[in-house]
file structure20.tsv (TSV, C-alpha atoms)
chain	number	residue	atom	x	y	z
A	1	MET	CA	-35.38	4.09	114.79
A	2	ALA	CA	-32.55	2.19	113.11
A	3	LYS	CA	-31.13	3.64	109.91
A	4	TYR	CA	-30.50	0.24	108.27
A	5	LEU	CA	-31.98	-3.25	108.35
A	6	VAL	CA	-29.68	-6.28	108.21
A	7	CYS	CA	-31.26	-9.73	107.81
A	8	VAL	CA	-29.68	-13.03	108.80
A	9	SER	CA	-30.97	-15.44	106.14
A	10	ASP	CA	-31.21	-18.61	108.22
A	11	GLU	CA	-30.96	-18.63	111.99
A	12	ARG	CA	-28.61	-21.56	112.57
A	13	HIS	CA	-26.41	-20.40	115.46
A	14	ALA	CA	-27.16	-20.26	119.16
A	15	SER	CA	-26.60	-16.51	119.48
A	16	TYR	CA	-26.28	-13.44	117.28
A	17	GLU	CA	-25.52	-10.98	120.05
A	18	ILE	CA	-22.05	-10.19	118.67
A	19	GLU	CA	-23.51	-9.27	115.27
A	20	ARG	CA	-26.32	-7.32	116.93
A	21	ALA	CA	-23.94	-5.27	119.08
A	22	ILE	CA	-21.66	-4.41	116.15
A	23	LEU	CA	-24.55	-3.47	113.88
A	24	GLU	CA	-26.26	-1.33	116.52
A	25	LYS	CA	-23.16	0.87	116.65
A	26	ALA	CA	-23.56	1.40	112.90
A	27	GLY	CA	-27.22	2.31	113.29
A	28	ALA	CA	-28.52	-1.01	111.97
A	29	GLU	CA	-31.21	-3.33	113.25
A	30	LEU	CA	-30.63	-7.10	113.06
A	31	LYS	CA	-33.52	-9.31	111.95
A	32	LEU	CA	-33.31	-13.10	112.23
A	33	CYS	CA	-35.05	-14.91	109.37
A	34	HIS	CA	-35.77	-18.54	108.58
A	35	CYS	CA	-35.18	-18.88	104.84
A	36	GLU	CA	-34.97	-22.27	103.16
A	37	SER	CA	-35.81	-21.19	99.62
A	38	ALA	CA	-35.43	-18.27	97.24
A	39	ALA	CA	-39.08	-17.42	97.83
A	40	ASP	CA	-38.42	-17.25	101.58
A	41	ILE	CA	-35.55	-14.80	101.02
A	42	ALA	CA	-37.67	-12.61	98.76
A	43	ALA	CA	-40.49	-12.60	101.33
A	44	GLN	CA	-38.51	-12.20	104.56
A	45	CYS	CA	-35.56	-10.08	103.43
A	46	ALA	CA	-37.25	-7.81	100.89
A	47	ASP	CA	-36.58	-4.60	102.84
A	48	ALA	CA	-33.04	-5.49	103.95
A	49	ASP	CA	-30.21	-3.07	103.30
A	50	ALA	CA	-27.82	-6.01	103.77
A	51	VAL	CA	-28.11	-9.79	104.14
A	52	LEU	CA	-25.90	-11.98	106.30
A	53	LEU	CA	-26.22	-15.13	104.23
A	54	ASP	CA	-25.68	-18.60	105.62
A	55	LEU	CA	-26.95	-21.65	103.69
A	56	ALA	CA	-30.10	-20.25	102.07
A	57	PRO	CA	-30.07	-20.20	98.23
A	58	MET	CA	-29.42	-16.65	97.01
A	59	THR	CA	-30.59	-17.34	93.47
A	60	ALA	CA	-31.54	-14.84	90.79
A	61	GLU	CA	-35.14	-15.12	92.03
A	62	ALA	CA	-34.07	-14.29	95.57
A	63	VAL	CA	-31.91	-11.36	94.44
A	64	ALA	CA	-34.83	-9.97	92.43
A	65	GLY	CA	-36.87	-9.87	95.63
A	66	LEU	CA	-34.36	-7.67	97.46
A	67	ARG	CA	-35.73	-4.16	96.92
A	68	LYS	CA	-32.96	-2.10	98.53
A	69	CYS	CA	-30.10	-4.47	99.37
A	70	LYS	CA	-26.54	-3.20	98.83
A	71	VAL	CA	-24.47	-6.00	100.41
A	72	ILE	CA	-24.75	-9.78	100.67
A	73	SER	CA	-22.17	-10.99	103.17
A	74	ARG	CA	-21.67	-14.74	103.11
A	75	TYR	CA	-20.91	-16.46	106.42
A	76	GLY	CA	-17.80	-18.54	105.75
A	77	VAL	CA	-15.36	-18.99	102.88
A	78	GLY	CA	-17.57	-20.42	100.14
A	79	PHE	CA	-20.13	-18.44	98.17
A	80	GLU	CA	-21.50	-21.06	95.79
A	81	ASN	CA	-25.06	-20.46	97.02
A	82	VAL	CA	-24.98	-16.91	95.60
A	83	ASP	CA	-25.85	-16.07	92.00
A	84	LEU	CA	-22.97	-13.64	91.50
A	85	ASP	CA	-24.15	-12.49	88.07
A	86	ALA	CA	-27.60	-11.62	89.39
A	87	ALA	CA	-26.15	-9.79	92.40
A	88	THR	CA	-23.74	-7.84	90.20
A	89	ALA	CA	-26.50	-6.87	87.80
A	90	ALA	CA	-28.55	-5.61	90.76
A	91	GLY	CA	-25.63	-3.51	92.04
A	92	ILE	CA	-25.19	-5.65	95.16
A	93	GLN	CA	-21.71	-6.30	96.52
A	94	VAL	CA	-21.01	-9.88	97.61
A	95	THR	CA	-18.45	-10.57	100.34
A	96	ASN	CA	-17.22	-13.63	102.22
A	97	VAL	CA	-15.03	-14.41	105.24
A	98	PRO	CA	-11.82	-15.85	103.73
A	99	ASP	CA	-10.19	-16.79	107.06
A	100	TYR	CA	-13.30	-18.36	108.61
A	101	CYS	CA	-12.53	-21.62	110.51
A	102	MET	CA	-9.07	-21.81	108.98
A	103	GLU	CA	-7.56	-23.52	112.03
A	104	ASP	CA	-10.64	-25.63	112.75
A	105	VAL	CA	-11.02	-27.08	109.26
A	106	SER	CA	-7.30	-27.82	108.95
A	107	ASP	CA	-7.46	-29.53	112.37
A	108	HIS	CA	-10.34	-31.64	111.08
A	109	ALA	CA	-8.49	-32.54	107.88
A	110	LEU	CA	-5.56	-33.70	110.00
A	111	ALA	CA	-7.85	-35.69	112.30
A	112	LEU	CA	-9.48	-37.45	109.34
A	113	MET	CA	-6.10	-38.17	107.78
A	114	LEU	CA	-4.79	-39.86	110.93
A	115	SER	CA	-8.08	-41.67	111.61
A	116	CYS	CA	-8.02	-43.21	108.13
A	117	LEU	CA	-4.32	-43.97	108.27
A	118	ARG	CA	-4.45	-45.83	111.59
A	119	HIS	CA	-8.01	-47.24	111.08
A	120	ILE	CA	-9.08	-45.71	114.39
A	121	PRO	CA	-12.87	-45.95	113.80
A	122	LEU	CA	-12.49	-49.67	112.99
A	123	ARG	CA	-10.37	-50.38	116.04
A	124	ASP	CA	-12.93	-49.44	118.67
A	125	ARG	CA	-12.29	-52.05	121.41
A	126	LYS	CA	-10.45	-54.26	118.88
A	127	TRP	CA	-6.81	-53.35	118.38
A	128	ASN	CA	-5.54	-56.33	116.39
A	129	ILE	CA	-7.46	-55.73	113.19
A	130	GLN	CA	-5.68	-56.82	110.05
A	131	ALA	CA	-5.74	-53.82	107.71
A	132	ASP	CA	-3.42	-52.18	105.24
A	133	SER	CA	-1.68	-49.12	106.58
A	134	PHE	CA	1.58	-47.22	106.25
A	135	ARG	CA	3.79	-44.80	108.12
A	136	LEU	CA	3.63	-41.11	107.32
A	137	LYS	CA	7.40	-40.80	107.30
A	138	GLY	CA	8.71	-40.78	103.77
A	139	LYS	CA	5.28	-40.48	102.16
A	140	THR	CA	3.81	-37.73	99.96
A	141	LEU	CA	0.99	-35.39	100.89
A	142	GLY	CA	-0.88	-33.75	98.03
A	143	VAL	CA	-3.17	-30.76	98.52
A	144	ILE	CA	-5.57	-29.60	95.83
A	145	GLY	CA	-6.16	-25.92	96.38
A	146	ALA	CA	-3.43	-24.13	98.32
A	147	GLY	CA	-5.29	-21.36	100.09
A	148	ARG	CA	-5.41	-20.46	103.78
A	149	ILE	CA	-6.81	-23.75	105.10
A	150	ALA	CA	-4.44	-25.89	103.04
A	151	ARG	CA	-1.50	-23.78	104.23
A	152	ALA	CA	-2.58	-24.20	107.83
A	153	LEU	CA	-2.63	-27.99	107.30
A	154	ILE	CA	0.80	-27.89	105.66
A	155	ARG	CA	2.17	-25.98	108.66
A	156	LYS	CA	0.70	-28.53	111.07
A	157	VAL	CA	2.19	-31.58	109.31
A	158	SER	CA	5.64	-30.06	108.91
A	159	GLY	CA	7.09	-32.33	111.59
A	160	PHE	CA	5.56	-35.57	110.32
A	161	GLY	CA	8.49	-36.52	108.12
A	162	PHE	CA	6.74	-36.45	104.75
A	163	ALA	CA	9.14	-36.95	101.85
A	164	GLU	CA	7.44	-33.97	100.24
A	165	VAL	CA	4.25	-31.97	100.06
A	166	VAL	CA	2.93	-31.21	96.60
A	167	ALA	CA	0.10	-28.94	95.51
A	168	TYR	CA	-2.10	-28.38	92.51
A	169	ASP	CA	-3.41	-24.85	92.31
A	170	PRO	CA	-3.45	-23.05	88.95
A	171	TYR	CA	-3.83	-19.68	90.68
A	172	ILE	CA	-0.70	-19.82	92.83
A	173	SER	CA	2.82	-19.70	91.39
A	174	ALA	CA	5.52	-22.32	91.92
A	175	GLU	CA	7.65	-19.64	93.60
A	176	GLN	CA	4.93	-18.82	96.13
A	177	LEU	CA	4.47	-22.49	96.99
A	178	ALA	CA	8.22	-23.06	97.25
A	179	GLU	CA	8.31	-20.39	99.96
A	180	ILE	CA	6.23	-22.67	102.20
A	181	GLY	CA	8.14	-25.82	101.25
A	182	VAL	CA	5.65	-27.13	98.71
A	183	ARG	CA	6.33	-28.31	95.16
A	184	LYS	CA	3.83	-27.24	92.53
A	185	VAL	CA	2.66	-30.07	90.26
A	186	GLU	CA	0.00	-30.67	87.67
A	187	LYS	CA	-3.18	-32.41	88.74
A	188	GLU	CA	-2.39	-35.75	87.10
A	189	GLU	CA	1.02	-36.00	88.79
A	190	LEU	CA	-0.50	-35.19	92.18
A	191	PHE	CA	-3.02	-38.00	91.86
A	192	ARG	CA	-0.33	-40.49	90.79
A	193	ILE	CA	2.30	-39.79	93.47
A	194	SER	CA	0.33	-38.78	96.57
A	195	ASP	CA	-0.23	-41.16	99.46
A	196	ILE	CA	-2.71	-38.74	101.03
A	197	ILE	CA	-4.78	-36.20	99.07
A	198	SER	CA	-6.56	-33.36	100.86
A	199	LEU	CA	-9.13	-31.18	99.07
A	200	HIS	CA	-9.36	-27.45	99.79
A	201	LEU	CA	-11.50	-25.93	97.03
A	202	HIS	CA	-14.63	-23.94	96.38
A	203	ALA	CA	-17.41	-25.83	94.63
A	204	ASN	CA	-18.02	-24.34	91.19
A	205	ALA	CA	-18.19	-25.27	87.52
A	206	GLU	CA	-14.42	-25.68	87.40
A	207	THR	CA	-14.10	-27.97	90.42
A	208	ASN	CA	-17.35	-29.94	90.79
A	209	GLY	CA	-16.75	-33.61	90.04
A	210	MET	CA	-12.98	-33.21	90.05
A	211	ILE	CA	-12.71	-36.51	91.91
A	212	CYS	CA	-14.15	-38.77	89.23
A	213	LYS	CA	-13.59	-42.14	87.59
A	214	GLU	CA	-10.54	-40.89	85.68
A	215	THR	CA	-8.79	-39.19	88.58
A	216	LEU	CA	-9.58	-42.03	91.00
A	217	ALA	CA	-7.99	-44.45	88.52
A	218	LEU	CA	-4.74	-42.46	88.74
A	219	MET	CA	-4.51	-42.81	92.51
A	220	LYS	CA	-2.55	-45.42	94.41
A	221	PRO	CA	-4.76	-48.28	95.70
A	222	THR	CA	-3.60	-47.40	99.22
A	223	ALA	CA	-4.20	-43.64	98.90
A	224	ILE	CA	-6.27	-41.74	101.45
A	225	LEU	CA	-8.65	-39.04	100.21
A	226	VAL	CA	-9.74	-36.34	102.67
A	227	ASN	CA	-12.45	-33.84	101.75
A	228	THR	CA	-13.14	-31.04	104.23
A	229	ALA	CA	-14.19	-28.67	101.45
A	230	ARG	CA	-17.42	-29.34	99.54
A	231	GLY	CA	-19.30	-32.55	98.73
A	232	PRO	CA	-19.84	-31.83	95.01
A	233	LEU	CA	-16.09	-31.99	94.41
A	234	VAL	CA	-16.43	-35.78	94.54
A	235	ASP	CA	-18.46	-37.93	92.16
A	236	GLU	CA	-19.86	-40.24	94.81
A	237	HIS	CA	-20.94	-42.94	92.38
A	238	ALA	CA	-17.43	-43.09	90.91
A	239	LEU	CA	-15.99	-43.18	94.42
A	240	VAL	CA	-18.18	-46.13	95.44
A	241	GLU	CA	-17.13	-48.04	92.33
A	242	ALA	CA	-13.45	-47.30	92.99
A	243	LEU	CA	-13.78	-48.54	96.57
A	244	ARG	CA	-15.48	-51.72	95.39

call {"tool": "encode", "arguments": {"input": "structure20.tsv", "output": "structure tokens"}}
result
Amino acid sequence: MAKYLVCVSDERHASYEIERAILEKAGAELKLCHCESAADIAAQCADADAVLLDLAPMTAEAVAGLRKCKVISRYGVGFENVDLDAATAAGIQVTNVPDYCMEDVSDHALALMLSCLRHIPLRDRKWNIQADSFRLKGKTLGVIGAGRIARALIRKVSGFGFAEVVAYDPYISAEQLAEIGVRKVEKEELFRISDIISLHLHANAETNGMICKETLALMKPTAILVNTARGPLVDEHALVEALR
């Protein structure tokens, strides 16, 4: 009989054999659950010693239903679907995977940047479309949030001929950014001078709605905004009005 029980909150992937094999060596049984709500977590994961959390909402209600849990391990970088205060109060450690999909997400940010720049989706079977565009050479790339994914993107565009790459990240020093060839700026300056802005942030009380009426008004009319982070960073109503 297994010593521990580890529950996967929502079975979204094709296979969990890698997790199962690793956990079996540690004396743990893997249980695949189908949780869409806090009540589902409390019902299906109540006896878990640990939870591998995907997209299910780990609210205070859900945490209260975990009778013996010691670890909530979040698949991926973000952990905004976890009530950290409730988990801490219950003595549960919360972890994430900080280097998850670092190369893949930065690849996607680059793909979106170039697709927008060259109007590729609009040019399907019609090359001579009249549309505003510009060359990358001599332009400015601004990244908001300069963590692992942003740094991977910066590395990948190093040969594109940007005049400069600037970053807004209050948690990273100017000296650290200078080491990777990036100039640290305040948020307002980044919005004003950037030709392309790429978002690389967690969604939380500090960042939600960062792209709003005021910040959109600072941007160049030709600017490209790429968001491969989280939807709530952008006020969609303000974005629609800015586009109109």

call {"tool": "residues_around", "arguments": {"input": "structure20.tsv", "residues": "A:Met58", "least_positions_apart": "4", "cutoff": "6 Å", "atoms": "all atoms listed in the file", "output": "MDAnalysis selection string"}}
result
chainID A and resid 62 81:82

call {"tool": "closest_residue", "arguments": {"input": "structure20.tsv", "among": "A:Val94, A:Ala43, A:Val6, A:Ala146", "to": "A:Gln176", "atoms": "all atoms listed in the file"}}
result
A:Ala146

call {"tool": "atom_distance", "arguments": {"input": "structure20.tsv", "atom1": "atom CA of A:Leu243", "atom2": "atom CA of A:Thr228"}}
result
19.1 Å

call {"tool": "atom_distance", "arguments": {"input": "structure20.tsv", "atom1": "atom CA of A:Met102", "atom2": "atom CA of A:Ala223"}}
result
24.5 Å

call {"tool": "atom_distance", "arguments": {"input": "structure20.tsv", "atom1": "atom CA of A:Phe162", "atom2": "atom CA of A:Asp104"}}
result
22.0 Å

call {"tool": "residues_around", "arguments": {"input": "structure20.tsv", "residues": "A:Glu206", "least_positions_apart": "5", "cutoff": "12 Å", "atoms": "all atoms listed in the file", "output": "PyMOL selection string"}}
result
chain A and resi 80+170+201+211+232-233

call {"tool": "write_last_selection", "arguments": {"input": "structure20.tsv", "atoms": "C-alpha atoms", "output": "mmCIF file, in the coordinates of the input"}}
result
data_model
loop_
_atom_site.group_PDB
_atom_site.id
_atom_site.type_symbol
_atom_site.label_atom_id
_atom_site.label_comp_id
_atom_site.auth_asym_id
_atom_site.auth_seq_id
_atom_site.Cartn_x
_atom_site.Cartn_y
_atom_site.Cartn_z
ATOM 1 C CA GLU A 80 -21.500 -21.060 95.790
ATOM 2 C CA PRO A 170 -3.450 -23.050 88.950
ATOM 3 C CA LEU A 201 -11.500 -25.930 97.030
ATOM 4 C CA ILE A 211 -12.710 -36.510 91.910
ATOM 5 C CA PRO A 232 -19.840 -31.830 95.010
ATOM 6 C CA LEU A 233 -16.090 -31.990 94.410
#

call {"tool": "residues_around", "arguments": {"input": "structure20.tsv", "residues": "stretch 116-118 of chain A", "least_positions_apart": "4", "cutoff": "8 Å", "atoms": "all atoms listed in the file", "output": "compact mmCIF listing (two decimals) with C-alpha atoms, in the frame of the given file"}}
result
# COMPACT_ATOMS: atom_id res chain seq x y z
CA LEU A 112 -9.48 -37.45 109.34
CA SER A 133 -1.68 -49.12 106.58
CA PHE A 134 1.58 -47.22 106.25
CA ILE A 224 -6.27 -41.74 101.45

call {"tool": "closest_residue", "arguments": {"input": "structure20.tsv", "among": "A:Leu239, A:Cys7, A:Ile120, A:Leu114", "to": "A:Phe160", "atoms": "all atoms listed in the file"}}
result
A:Leu114

call {"tool": "closest_atom_pairs", "arguments": {"input": "structure20.tsv", "of": "stretch 79-158 of chain A", "to": "stretch 63-73 of chain A", "cutoff": "10 Å", "atoms": "only C-alpha atoms", "output": "Markdown table"}}
result
| residue | atom | partner | partner_atom | distance |
| --- | --- | --- | --- | --- |
| A:Phe79 | CA | A:Ser73 | CA | 9.2 |
| A:Val82 | CA | A:Ile72 | CA | 8.8 |
| A:Asp83 | CA | A:Val63 | CA | 8.1 |
| A:Leu84 | CA | A:Val63 | CA | 9.7 |
| A:Ala86 | CA | A:Val63 | CA | 6.6 |
| A:Ala87 | CA | A:Val63 | CA | 6.3 |
| A:Thr88 | CA | A:Val63 | CA | 9.9 |
| A:Ala89 | CA | A:Val63 | CA | 9.7 |
| A:Ala90 | CA | A:Val63 | CA | 7.6 |
| A:Gly91 | CA | A:Lys70 | CA | 6.9 |
| A:Ile92 | CA | A:Lys70 | CA | 4.6 |
| A:Gln93 | CA | A:Val71 | CA | 4.8 |
| A:Val94 | CA | A:Ile72 | CA | 4.8 |
| A:Thr95 | CA | A:Ser73 | CA | 4.7 |
| A:Asn96 | CA | A:Ser73 | CA | 5.7 |
| A:Val97 | CA | A:Ser73 | CA | 8.2 |

call {"tool": "closest_residue", "arguments": {"input": "structure20.tsv", "among": "A:Val234, A:Val8, A:Leu122, A:Ala26", "to": "A:Tyr75", "atoms": "only C-alpha atoms"}}
result
A:Val8

call {"tool": "residues_near_point", "arguments": {"input": "structure20.tsv", "point": "(-26.9, -20.2, 115.2)", "cutoff": "12 Å", "atoms": "all atoms listed in the file", "output": "MDAnalysis selection string"}}
result
chainID A and resid 8:19 32:34 54:55 75

call {"tool": "residues_around", "arguments": {"input": "structure20.tsv", "residues": "A:Pro98", "least_positions_apart": "2", "cutoff": "8 Å", "atoms": "all atoms listed in the file", "output": "VMD selection string"}}
result
chain A and resid 76 to 77 96 100 148

call {"tool": "write_last_selection", "arguments": {"input": "structure20.tsv", "atoms": "C-alpha atoms", "output": "short mmCIF file (atom, residue, chain, number, x, y, z; two decimals), keeping the file's coordinate frame"}}
result
data_model
loop_
_atom_site.label_atom_id
_atom_site.label_comp_id
_atom_site.auth_asym_id
_atom_site.auth_seq_id
_atom_site.Cartn_x
_atom_site.Cartn_y
_atom_site.Cartn_z
CA GLY A 76 -17.80 -18.54 105.75
CA VAL A 77 -15.36 -18.99 102.88
CA ASN A 96 -17.22 -13.63 102.22
CA TYR A 100 -13.30 -18.36 108.61
CA ARG A 148 -5.41 -20.46 103.78
#

call {"tool": "closest_residue", "arguments": {"input": "structure20.tsv", "among": "A:Lys187, A:Lys3, A:Lys137, A:Arg74", "to": "A:Ala48", "atoms": "all atoms listed in the file"}}
result
A:Lys3

call {"tool": "build_atoms", "arguments": {"input": "structure20.tsv", "residues": "stretch 196-212 of chain A", "atoms": "N, CA, C and O atoms", "output": "PDB file, in the coordinates of the input"}}
result
ATOM      1  N   ILE A 196      -1.539 -39.368 100.430  1.00  0.00           N
ATOM      2  CA  ILE A 196      -2.710 -38.740 101.030  1.00  0.00           C
ATOM      3  C   ILE A 196      -3.049 -37.512 100.187  1.00  0.00           C
ATOM      4  O   ILE A 196      -2.164 -36.720  99.852  1.00  0.00           O
ATOM      5  N   ILE A 197      -4.319 -37.357  99.841  1.00  0.00           N
ATOM      6  CA  ILE A 197      -4.780 -36.200  99.070  1.00  0.00           C
ATOM      7  C   ILE A 197      -5.828 -35.473  99.894  1.00  0.00           C
ATOM      8  O   ILE A 197      -6.798 -36.074 100.362  1.00  0.00           O
ATOM      9  N   SER A 198      -5.631 -34.171 100.088  1.00  0.00           N
ATOM     10  CA  SER A 198      -6.560 -33.360 100.860  1.00  0.00           C
ATOM     11  C   SER A 198      -7.123 -32.252  99.976  1.00  0.00           C
ATOM     12  O   SER A 198      -6.373 -31.522  99.327  1.00  0.00           O
ATOM     13  N   LEU A 199      -8.452 -32.138  99.953  1.00  0.00           N
ATOM     14  CA  LEU A 199      -9.130 -31.180  99.070  1.00  0.00           C
ATOM     15  C   LEU A 199      -9.453 -29.893  99.821  1.00  0.00           C
ATOM     16  O   LEU A 199     -10.002 -29.924 100.929  1.00  0.00           O
ATOM     17  N   HIS A 200      -9.116 -28.767  99.185  1.00  0.00           N
ATOM     18  CA  HIS A 200      -9.360 -27.450  99.790  1.00  0.00           C
ATOM     19  C   HIS A 200      -9.789 -26.479  98.694  1.00  0.00           C
ATOM     20  O   HIS A 200      -9.032 -25.586  98.298  1.00  0.00           O
ATOM     21  N   LEU A 201     -11.022 -26.663  98.196  1.00  0.00           N
ATOM     22  CA  LEU A 201     -11.500 -25.930  97.030  1.00  0.00           C
ATOM     23  C   LEU A 201     -12.911 -25.417  97.229  1.00  0.00           C
ATOM     24  O   LEU A 201     -13.695 -25.992  97.978  1.00  0.00           O
ATOM     25  N   HIS A 202     -13.235 -24.338  96.518  1.00  0.00           N
ATOM     26  CA  HIS A 202     -14.630 -23.940  96.380  1.00  0.00           C
ATOM     27  C   HIS A 202     -15.321 -24.936  95.444  1.00  0.00           C
ATOM     28  O   HIS A 202     -14.678 -25.572  94.609  1.00  0.00           O
ATOM     29  N   ALA A 203     -16.628 -25.032  95.562  1.00  0.00           N
ATOM     30  CA  ALA A 203     -17.410 -25.830  94.630  1.00  0.00           C
ATOM     31  C   ALA A 203     -17.949 -24.908  93.541  1.00  0.00           C
ATOM     32  O   ALA A 203     -18.688 -23.971  93.829  1.00  0.00           O
ATOM     33  N   ASN A 204     -17.545 -25.157  92.309  1.00  0.00           N
ATOM     34  CA  ASN A 204     -18.020 -24.340  91.190  1.00  0.00           C
ATOM     35  C   ASN A 204     -17.925 -25.172  89.911  1.00  0.00           C
ATOM     36  O   ASN A 204     -17.571 -26.360  89.950  1.00  0.00           O
ATOM     37  N   ALA A 205     -18.191 -24.547  88.790  1.00  0.00           N
ATOM     38  CA  ALA A 205     -18.190 -25.270  87.520  1.00  0.00           C
ATOM     39  C   ALA A 205     -16.826 -25.851  87.187  1.00  0.00           C
ATOM     40  O   ALA A 205     -16.717 -26.878  86.513  1.00  0.00           O
ATOM     41  N   GLU A 206     -15.778 -25.219  87.677  1.00  0.00           N
ATOM     42  CA  GLU A 206     -14.420 -25.680  87.400  1.00  0.00           C
ATOM     43  C   GLU A 206     -14.030 -26.886  88.255  1.00  0.00           C
ATOM     44  O   GLU A 206     -13.237 -27.738  87.829  1.00  0.00           O
ATOM     45  N   THR A 207     -14.574 -26.968  89.463  1.00  0.00           N
ATOM     46  CA  THR A 207     -14.100 -27.970  90.420  1.00  0.00           C
ATOM     47  C   THR A 207     -15.086 -29.107  90.700  1.00  0.00           C
ATOM     48  O   THR A 207     -14.669 -30.183  91.142  1.00  0.00           O
ATOM     49  N   ASN A 208     -16.372 -28.892  90.486  1.00  0.00           N
ATOM     50  CA  ASN A 208     -17.350 -29.940  90.790  1.00  0.00           C
ATOM     51  C   ASN A 208     -17.047 -31.214  89.994  1.00  0.00           C
ATOM     52  O   ASN A 208     -16.801 -31.161  88.790  1.00  0.00           O
ATOM     53  N   GLY A 209     -17.044 -32.342  90.699  1.00  0.00           N
ATOM     54  CA  GLY A 209     -16.750 -33.610  90.040  1.00  0.00           C
ATOM     55  C   GLY A 209     -15.296 -33.820  89.713  1.00  0.00           C
ATOM     56  O   GLY A 209     -14.960 -34.731  88.938  1.00  0.00           O
ATOM     57  N   MET A 210     -14.408 -33.048  90.318  1.00  0.00           N
ATOM     58  CA  MET A 210     -12.980 -33.210  90.050  1.00  0.00           C
ATOM     59  C   MET A 210     -12.494 -34.611  90.424  1.00  0.00           C
ATOM     60  O   MET A 210     -11.659 -35.206  89.752  1.00  0.00           O
ATOM     61  N   ILE A 211     -13.027 -35.132  91.524  1.00  0.00           N
ATOM     62  CA  ILE A 211     -12.710 -36.510  91.910  1.00  0.00           C
ATOM     63  C   ILE A 211     -13.715 -37.400  91.201  1.00  0.00           C
ATOM     64  O   ILE A 211     -14.867 -37.546  91.616  1.00  0.00           O
ATOM     65  N   CYS A 212     -13.267 -38.013  90.116  1.00  0.00           N
ATOM     66  CA  CYS A 212     -14.150 -38.770  89.230  1.00  0.00           C
ATOM     67  C   CYS A 212     -13.490 -40.101  88.869  1.00  0.00           C
ATOM     68  O   CYS A 212     -12.427 -40.438  89.400  1.00  0.00           O
TER      69      CYS A 212
END
